[in-house]
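S.K.: Structure below; questions to follow.
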Amino acid sequence: MNRIPVVAGNWKMNKTVAEARELVSTIISKLREIPNVEKVLCPPFIAIPALYELLENSGIGLGAQNLYWEEKGAFTGEISPGMVKEFCKYVIIGHSERRTYFGETDESVNRKVSAAIKIGLTPIVCVGETLDQYESGLTSEVVRRQIKVGLAGIDPVDPASARRIIVAYEPVWAIGTGKASSGENANHVHGQVIRPALSDLFGDDIAQSIRIQYGGSVTASNASEFFAQPEIDGALVGGASLKPDEFVAITKAAAKSSR
Ligand code: PGA
């Protein structure tokens, strides 16, 4: 199966609008030249309209870091799928920081994924076990449940929508810690846990076409180790996506591995 790798930068709560413009201006020409990789930037909501203008016709996609599932109404502080869709093609859903600090669950992730799919966004759905769960040998069980519940009810009769989903495997113990998973371990979870769980939901054909990114302390120095693995289809990059040279180098490494 020929899956085009997708490298997404998750800027988290970093960069003012002015700083976001500056970062994009620094990387845009280098990024746009890199072939055979889907490139995505996910800045804070408030910078999205400004970057939308800068990124027009660049081949670099824009993503939000979250959305709320309702269409509109009295939900102070929330952003609707339609508001995201006005500017973005992608949306990160269920990041572990949202699960840890903002009470998101597999059930709320499921509502958000459904809303994103319904409106035509490409969800980047984050899964991954905590350190405790990893050390207790619970990785497979936890990740399988996150996929099974998080992606339940996405209509397999409309294969186009399920194929669009991107999964990001991000072991919580590897996020922002500088302690990345090994390529081999991530490849195992992708190939032996996530893809079979996707196959149970959508059938093997669709499961084989869904991209599974690795995330958690990806840097320019370890990126190739991940991209060399057959089940790793790109990366969700946090800290290193704020450093222009690092992010460009990671994207180039993905291009080299493009199969
Ligand atoms: P990190 O974050 O690359 O800084 O570890 C990854 C993420 O949280 O998506």
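The way I read the labels, and the way they are meant: chains A, B, ... in the order of the structure tokens, residue 1 as the first residue of every chain, and ligand 1 as the first ligand shown, with later ones counted on from there.
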Which residues sit within 10 Å of ligand 1, counting only C-alpha atoms and all ligand atoms, listed as a PyMOL selection string?

M.R.: chain A and resi 8-12+65+92+95-97+126+168-180+214-219+235-242

S.K.: Any idea what's packed within 9 Å of Gln229 (chain A), counting only C-alpha atoms, ignoring anything in its chain fewer than 5 positions away? Could you give it as a PyMOL selection string?

M.R.: chain A and resi 183-184+186-187+224+257

S.K.: Can I get the selected residues back with all heavy atoms, as a PDB file, in the first residue's frame?

M.R.:
ATOM      1  N   GLY A 183      11.969   3.445  17.016  1.00  0.00           N
ATOM      2  CA  GLY A 183      11.232   3.235  15.778  1.00  0.00           C
ATOM      3  C   GLY A 183      10.564   1.868  15.771  1.00  0.00           C
ATOM      4  O   GLY A 183       9.413   1.718  15.353  1.00  0.00           O
ATOM      5  N   GLU A 184      11.286   0.903  16.286  1.00  0.00           N
ATOM      6  CA  GLU A 184      10.793  -0.471  16.276  1.00  0.00           C
ATOM      7  C   GLU A 184       9.539  -0.638  17.146  1.00  0.00           C
ATOM      8  O   GLU A 184       8.562  -1.258  16.752  1.00  0.00           O
ATOM      9  CB  GLU A 184      11.896  -1.370  16.830  1.00  0.00           C
ATOM     10  CG  GLU A 184      11.897  -2.775  16.296  1.00  0.00           C
ATOM     11  CD  GLU A 184      13.091  -3.533  16.846  1.00  0.00           C
ATOM     12  OE1 GLU A 184      14.209  -2.948  16.859  1.00  0.00           O
ATOM     13  OE2 GLU A 184      12.895  -4.652  17.303  1.00  0.00           O
ATOM     14  N   ALA A 186       7.409   1.775  18.045  1.00  0.00           N
ATOM     15  CA  ALA A 186       6.281   2.483  17.432  1.00  0.00           C
ATOM     16  C   ALA A 186       5.744   1.674  16.252  1.00  0.00           C
ATOM     17  O   ALA A 186       4.531   1.519  16.090  1.00  0.00           O
ATOM     18  CB  ALA A 186       6.717   3.874  16.980  1.00  0.00           C
ATOM     19  N   ASN A 187       6.648   1.141  15.460  1.00  0.00           N
ATOM     20  CA  ASN A 187       6.220   0.340  14.308  1.00  0.00           C
ATOM     21  C   ASN A 187       5.362  -0.846  14.752  1.00  0.00           C
ATOM     22  O   ASN A 187       4.366  -1.191  14.117  1.00  0.00           O
ATOM     23  CB  ASN A 187       7.444  -0.168  13.545  1.00  0.00           C
ATOM     24  CG  ASN A 187       7.073  -0.759  12.201  1.00  0.00           C
ATOM     25  OD1 ASN A 187       6.553  -0.059  11.328  1.00  0.00           O
ATOM     26  ND2 ASN A 187       7.284  -2.057  12.031  1.00  0.00           N
ATOM     27  N   SER A 224      14.544   9.967  10.769  1.00  0.00           N
ATOM     28  CA  SER A 224      14.755   8.911   9.762  1.00  0.00           C
ATOM     29  C   SER A 224      14.522   7.525  10.341  1.00  0.00           C
ATOM     30  O   SER A 224      14.075   6.626   9.635  1.00  0.00           O
ATOM     31  CB  SER A 224      16.170   8.949   9.207  1.00  0.00           C
ATOM     32  OG  SER A 224      16.462  10.235   8.803  1.00  0.00           O
ATOM     33  N   SER A 257      11.828   8.911   2.675  1.00  0.00           N
ATOM     34  CA  SER A 257      11.288   7.578   2.958  1.00  0.00           C
ATOM     35  C   SER A 257      10.019   7.315   2.159  1.00  0.00           C
ATOM     36  O   SER A 257       9.452   6.246   2.236  1.00  0.00           O
ATOM     37  CB  SER A 257      10.956   7.467   4.441  1.00  0.00           C
ATOM     38  OG  SER A 257       9.741   8.154   4.686  1.00  0.00           O
TER      39      SER A 257
END

S.K.: What's the 10 Å shell around region 82-86 of chain A, counting only C-alpha atoms, without same-chain residues fewer than 5 positions away, as a CSV table (one decimal) with all heavy atoms, in the first residue's frame?

M.R.:
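Everything below was put into result33.csv:
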chain,number,residue,atom,x,y,z
A,45,PHE,N,-5.6,28.8,17.4
A,45,PHE,CA,-6.7,29.3,16.6
A,45,PHE,C,-6.6,30.7,16.1
A,45,PHE,O,-6.9,31.0,14.9
A,45,PHE,CB,-8.0,29.3,17.5
A,45,PHE,CG,-8.6,27.9,17.7
A,45,PHE,CD1,-8.9,27.5,18.9
A,45,PHE,CD2,-9.0,27.1,16.6
A,45,PHE,CE1,-9.5,26.2,19.1
A,45,PHE,CE2,-9.6,25.9,16.8
A,45,PHE,CZ,-9.8,25.4,18.1
A,48,ILE,N,-4.8,31.4,12.8
A,48,ILE,CA,-5.2,30.6,11.6
A,48,ILE,C,-5.6,31.5,10.5
A,48,ILE,O,-5.1,31.3,9.4
A,48,ILE,CB,-6.3,29.6,12.0
A,48,ILE,CG1,-5.7,28.4,12.8
A,48,ILE,CG2,-7.0,29.1,10.7
A,48,ILE,CD1,-6.7,27.4,13.3
A,49,PRO,N,-6.4,32.6,10.6
A,49,PRO,CA,-6.7,33.4,9.5
A,49,PRO,C,-5.5,34.0,8.8
A,49,PRO,O,-5.4,34.1,7.6
A,49,PRO,CB,-7.7,34.4,10.0
A,49,PRO,CG,-8.3,33.8,11.2
A,49,PRO,CD,-7.2,33.0,11.8
A,52,TYR,N,-3.6,31.4,6.9
A,52,TYR,CA,-4.4,31.0,5.8
A,52,TYR,C,-4.0,31.8,4.6
A,52,TYR,O,-3.8,31.3,3.5
A,52,TYR,CB,-5.9,31.2,6.1
A,52,TYR,CG,-6.8,30.9,4.9
A,52,TYR,CD1,-7.1,29.6,4.6
A,52,TYR,CD2,-7.4,31.9,4.2
A,52,TYR,CE1,-8.0,29.3,3.6
A,52,TYR,CE2,-8.2,31.6,3.2
A,52,TYR,CZ,-8.6,30.3,2.8
A,52,TYR,OH,-9.4,30.1,1.8
A,62,LEU,N,-3.3,23.7,6.5
A,62,LEU,CA,-3.5,24.3,7.8
A,62,LEU,C,-4.4,23.4,8.7
A,62,LEU,O,-5.4,22.8,8.2
A,62,LEU,CB,-4.2,25.6,7.7
A,62,LEU,CG,-3.5,26.9,7.9
A,62,LEU,CD1,-4.6,28.1,7.9
A,62,LEU,CD2,-2.8,27.0,9.3
A,63,GLY,N,-4.1,23.3,9.9
A,63,GLY,CA,-4.9,22.5,10.8
A,63,GLY,C,-5.2,23.2,12.1
A,63,GLY,O,-4.4,24.1,12.6
A,64,ALA,N,-6.3,22.9,12.8
A,64,ALA,CA,-6.6,23.5,14.1
A,64,ALA,C,-6.1,22.4,15.1
A,64,ALA,O,-5.9,21.3,14.7
A,64,ALA,CB,-8.1,23.7,14.2
A,65,GLN,N,-6.1,22.8,16.4
A,65,GLN,CA,-5.6,21.9,17.4
A,65,GLN,C,-6.8,21.2,18.2
A,65,GLN,O,-6.6,20.4,19.1
A,65,GLN,CB,-4.7,22.6,18.4
A,65,GLN,CG,-3.4,23.1,17.7
A,65,GLN,CD,-2.6,24.0,18.7
A,65,GLN,OE1,-2.8,24.0,19.9
A,65,GLN,NE2,-1.7,24.7,18.2
A,66,ASN,N,-8.0,21.6,17.8
A,66,ASN,CA,-9.2,21.2,18.6
A,66,ASN,C,-10.4,21.7,17.9
A,66,ASN,O,-10.3,22.7,17.0
A,66,ASN,CB,-9.1,21.7,20.0
A,66,ASN,CG,-10.2,21.2,20.9
A,66,ASN,OD1,-10.8,20.2,20.7
A,66,ASN,ND2,-10.6,22.0,21.9
A,67,LEU,N,-11.6,21.2,18.2
A,67,LEU,CA,-12.8,21.8,17.8
A,67,LEU,C,-13.9,21.3,18.8
A,67,LEU,O,-13.7,20.4,19.6
A,67,LEU,CB,-13.3,21.6,16.4
A,67,LEU,CG,-13.3,20.1,15.8
A,67,LEU,CD1,-14.3,19.2,16.5
A,67,LEU,CD2,-13.7,20.2,14.3
A,68,TYR,N,-15.1,22.0,18.7
A,68,TYR,CA,-16.2,21.5,19.5
A,68,TYR,C,-17.2,20.9,18.5
A,68,TYR,O,-17.3,21.3,17.4
A,68,TYR,CB,-16.8,22.6,20.3
A,68,TYR,CG,-17.9,22.1,21.3
A,68,TYR,CD1,-17.5,21.1,22.3
A,68,TYR,CD2,-19.2,22.5,21.3
A,68,TYR,CE1,-18.4,20.6,23.2
A,68,TYR,CE2,-20.1,22.0,22.2
A,68,TYR,CZ,-19.7,21.1,23.2
A,68,TYR,OH,-20.6,20.6,24.1
A,69,TRP,N,-18.0,19.9,19.0
A,69,TRP,CA,-18.8,19.1,18.0
A,69,TRP,C,-20.1,19.8,17.6
A,69,TRP,O,-20.6,19.5,16.6
A,69,TRP,CB,-19.1,17.7,18.5
A,69,TRP,CG,-19.8,17.7,19.8
A,69,TRP,CD1,-21.1,17.9,20.1
A,69,TRP,CD2,-19.1,17.3,21.1
A,69,TRP,NE1,-21.3,17.7,21.4
A,69,TRP,CE2,-20.1,17.4,22.1
A,69,TRP,CE3,-17.8,17.0,21.5
A,69,TRP,CZ2,-19.9,17.1,23.4
A,69,TRP,CZ3,-17.6,16.7,22.8
A,69,TRP,CH2,-18.6,16.8,23.8
A,70,GLU,N,-20.6,20.8,18.4
A,70,GLU,CA,-21.8,21.4,18.1
A,70,GLU,C,-21.6,22.4,16.9
A,70,GLU,O,-20.6,23.0,16.8
A,70,GLU,CB,-22.4,22.1,19.3
A,70,GLU,CG,-22.9,21.2,20.4
A,70,GLU,CD,-24.1,20.4,20.1
A,70,GLU,OE1,-24.8,20.7,19.1
A,70,GLU,OE2,-24.5,19.5,20.9
A,71,GLU,N,-22.7,22.6,16.2
A,71,GLU,CA,-22.6,23.5,15.0
A,71,GLU,C,-22.5,25.0,15.4
A,71,GLU,O,-21.7,25.7,14.8
A,71,GLU,CB,-23.9,23.4,14.2
A,71,GLU,CG,-23.8,22.4,13.0
A,71,GLU,CD,-25.1,22.2,12.3
A,71,GLU,OE1,-25.8,23.2,12.0
A,71,GLU,OE2,-25.5,21.1,12.1
A,72,LYS,N,-23.2,25.4,16.4
A,72,LYS,CA,-23.2,26.8,16.9
A,72,LYS,C,-24.0,26.9,18.2
A,72,LYS,O,-24.6,25.9,18.6
A,72,LYS,CB,-23.8,27.7,15.9
A,72,LYS,CG,-25.2,27.5,15.5
A,72,LYS,CD,-25.7,28.5,14.5
A,72,LYS,CE,-27.1,28.1,14.1
A,72,LYS,NZ,-27.7,29.0,13.1
A,91,VAL,N,-7.7,18.9,11.5
A,91,VAL,CA,-7.9,19.2,12.9
A,91,VAL,C,-7.4,18.1,13.8
A,91,VAL,O,-7.6,16.9,13.5
A,91,VAL,CB,-9.4,19.5,13.2
A,91,VAL,CG1,-10.3,18.3,12.9
A,91,VAL,CG2,-9.6,19.9,14.7
A,115,ALA,N,-17.9,14.9,14.1
A,115,ALA,CA,-18.3,16.2,13.6
A,115,ALA,C,-17.3,16.7,12.5
A,115,ALA,O,-17.6,17.3,11.5
A,115,ALA,CB,-18.3,17.2,14.8
A,116,ALA,N,-16.0,16.3,12.7
A,116,ALA,CA,-15.0,16.7,11.8
A,116,ALA,C,-15.2,16.0,10.4
A,116,ALA,O,-15.1,16.7,9.4
A,116,ALA,CB,-13.6,16.4,12.3
A,119,ILE,N,-18.2,17.4,8.4
A,119,ILE,CA,-18.1,18.7,7.7
A,119,ILE,C,-17.0,18.7,6.7
A,119,ILE,O,-16.8,19.6,5.9
A,119,ILE,CB,-17.8,19.8,8.7
A,119,ILE,CG1,-18.2,21.1,8.1
A,119,ILE,CG2,-16.4,19.9,9.2
A,119,ILE,CD1,-18.9,22.1,9.1
A,120,GLY,N,-16.3,17.5,6.6
A,120,GLY,CA,-15.3,17.4,5.5
A,120,GLY,C,-13.8,17.7,5.9
A,120,GLY,O,-13.0,17.9,5.1
A,121,LEU,N,-13.6,17.8,7.2
A,121,LEU,CA,-12.2,18.0,7.7
A,121,LEU,C,-11.5,16.6,7.8
A,121,LEU,O,-12.1,15.6,7.9
A,121,LEU,CB,-12.3,18.6,9.1
A,121,LEU,CG,-12.6,20.1,9.2
A,121,LEU,CD1,-13.1,20.5,10.6
A,121,LEU,CD2,-11.5,21.0,8.8
A,122,THR,N,-10.2,16.7,7.8
A,122,THR,CA,-9.4,15.5,8.0
A,122,THR,C,-8.9,15.5,9.5
A,122,THR,O,-8.1,16.3,9.9
A,122,THR,CB,-8.1,15.5,7.1
A,122,THR,OG1,-8.6,15.4,5.7
A,122,THR,CG2,-7.2,14.4,7.4

S.K.: Residues of region 21-243 of chain A classed as helix (DSSP H, G or I) by DSSP on the backbone are to be reported as a PyMOL selection string.

M.R.: chain A and resi 21-32+45-55+81-85+96-101+106-119+131-135+139-150+159-164+172-174+183-202+204-209+223-227+239-242

S.K.: List as a list of chain:residue names the protein and nucleic acid residues near Ala249 (chain A), meaning an atom at most 9 Å away when only C-alpha atoms are counted, but skip any in the same chain fewer than 6 places from it.

M.R.: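 Residues near the query, excluding close chain neighbours: A:Thr219, A:Ala220, A:Ser221, A:Ala223.
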
S.K.: Restricting the calculation to only C-alpha atoms, which member of A:Pro196, A:Pro159, A:Pro35, A:Pro230 is positioned closest to Thr251 (chain A)?

M.R.: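 The shortest atom-to-atom distance to Thr251 (chain A) comes from A:Pro35.
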
S.K.: Expressed in Å to a single decimal, how great is the separation between CA of Cys42 (chain A) and CA of Asn2 (chain A)?

M.R.: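 According to the coordinates, CA of Cys42 (chain A) and CA of Asn2 (chain A) are separated by 25.0 Å.
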
S.K.: Identify, on the basis of only C-alpha atoms, every residue whose closest approach to Ser182 (chain A) does not exceed 10 Å; exclude the query and any residue fewer than 5 positions from it along the same chain; express the result as a PyMOL selection string.

M.R.: chain A and resi 187-188+222+225-226

S.K.: Limited to N, CA and C atoms, could you put the picked residues into a file as a PDB file, in the first residue's frame?

M.R.:
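What ended up in out-v8.pdb:
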ATOM      1  N   ASN A 187       6.648   1.141  15.460  1.00  0.00           N
ATOM      2  CA  ASN A 187       6.220   0.340  14.308  1.00  0.00           C
ATOM      3  C   ASN A 187       5.362  -0.846  14.752  1.00  0.00           C
ATOM      4  N   HIS A 188       5.753  -1.436  15.874  1.00  0.00           N
ATOM      5  CA  HIS A 188       5.003  -2.573  16.405  1.00  0.00           C
ATOM      6  C   HIS A 188       3.578  -2.154  16.789  1.00  0.00           C
ATOM      7  N   ASN A 222      16.307  11.997  14.996  1.00  0.00           N
ATOM      8  CA  ASN A 222      15.726  10.643  15.067  1.00  0.00           C
ATOM      9  C   ASN A 222      14.643  10.400  14.012  1.00  0.00           C
ATOM     10  N   GLU A 225      14.857   7.375  11.626  1.00  0.00           N
ATOM     11  CA  GLU A 225      14.636   6.065  12.266  1.00  0.00           C
ATOM     12  C   GLU A 225      13.149   5.694  12.223  1.00  0.00           C
ATOM     13  N   PHE A 226      12.304   6.697  12.420  1.00  0.00           N
ATOM     14  CA  PHE A 226      10.859   6.421  12.379  1.00  0.00           C
ATOM     15  C   PHE A 226      10.383   6.190  10.948  1.00  0.00           C
TER      16      PHE A 226
END

S.K.: Using only C-alpha atoms, which of A:Ala18, A:Val167, A:Ile117, A:Val125 sits nearest Ile210 (chain A)?

M.R.: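 Using only C-alpha atoms, the shortest distance to Ile210 (chain A) belongs to A:Val167.
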
S.K.: Any idea what's packed within 7 Å of Gly59 (chain A), counting only C-alpha atoms, ignoring anything in its chain fewer than 2 positions away? Could you give it as a ChimeraX atom specification?

M.R.: /A:32,57,61

S.K.: How many Å separate CA of Val109 (chain A) from CA of Met13 (chain A)?

M.R.: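 So the two atoms, CA of Val109 (chain A) and CA of Met13 (chain A), lie 19.9 Å apart.
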
S.K.: Excluding Val6 (chain A) and residues on its chain fewer than 2 positions from it, collect all residues at most 6 Å away from it, counting only C-alpha atoms, and give them as a list in words.

M.R.: Val37, Glu38, Lys39 and Gly234 of chain A

S.K.: Can you work out which one of A:Val113, A:Gly77, A:Gly103, A:Pro244 has the shortest atom-to-atom distance to Glu22 (chain A), counting only C-alpha atoms?

M.R.: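 Checking each of A:Val113, A:Gly77, A:Gly103, A:Pro244 against Glu22 (chain A), counting only C-alpha atoms, the winner is A:Pro244.
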
S.K.: Given only C-alpha atoms as the basis, pick out the residue of A:Ser136, A:Thr130, A:Lys118, A:Ile79 nearest to Asp158 (chain A).

M.R.: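 Once distances to Asp158 (chain A) are computed over only C-alpha atoms, the minimum belongs to A:Lys118.
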
S.K.: If I take CA of Thr26 (chain A) and CA of Phe247 (chain A), how far is one from the other in Å, to one decimal?

M.R.: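 Result for CA of Thr26 (chain A) versus CA of Phe247 (chain A): 11.1 Å, one decimal.
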
S.K.: Quick one: of A:Thr76, A:Asn110, A:Ser181, A:Gln146, who's nearest to Leu131 (chain A), counting only C-alpha atoms?

M.R.: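 For Leu131 (chain A), the nearest of the given residues is A:Ser181.
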
S.K.: Considering only strand (DSSP E or B) as DSSP defines it on the backbone, what residues of region 51-237 of chain A qualify? List them as a PyMOL selection string.

M.R.: chain A and resi 60-64+90-93+122-127+166-169+211-215+234-237
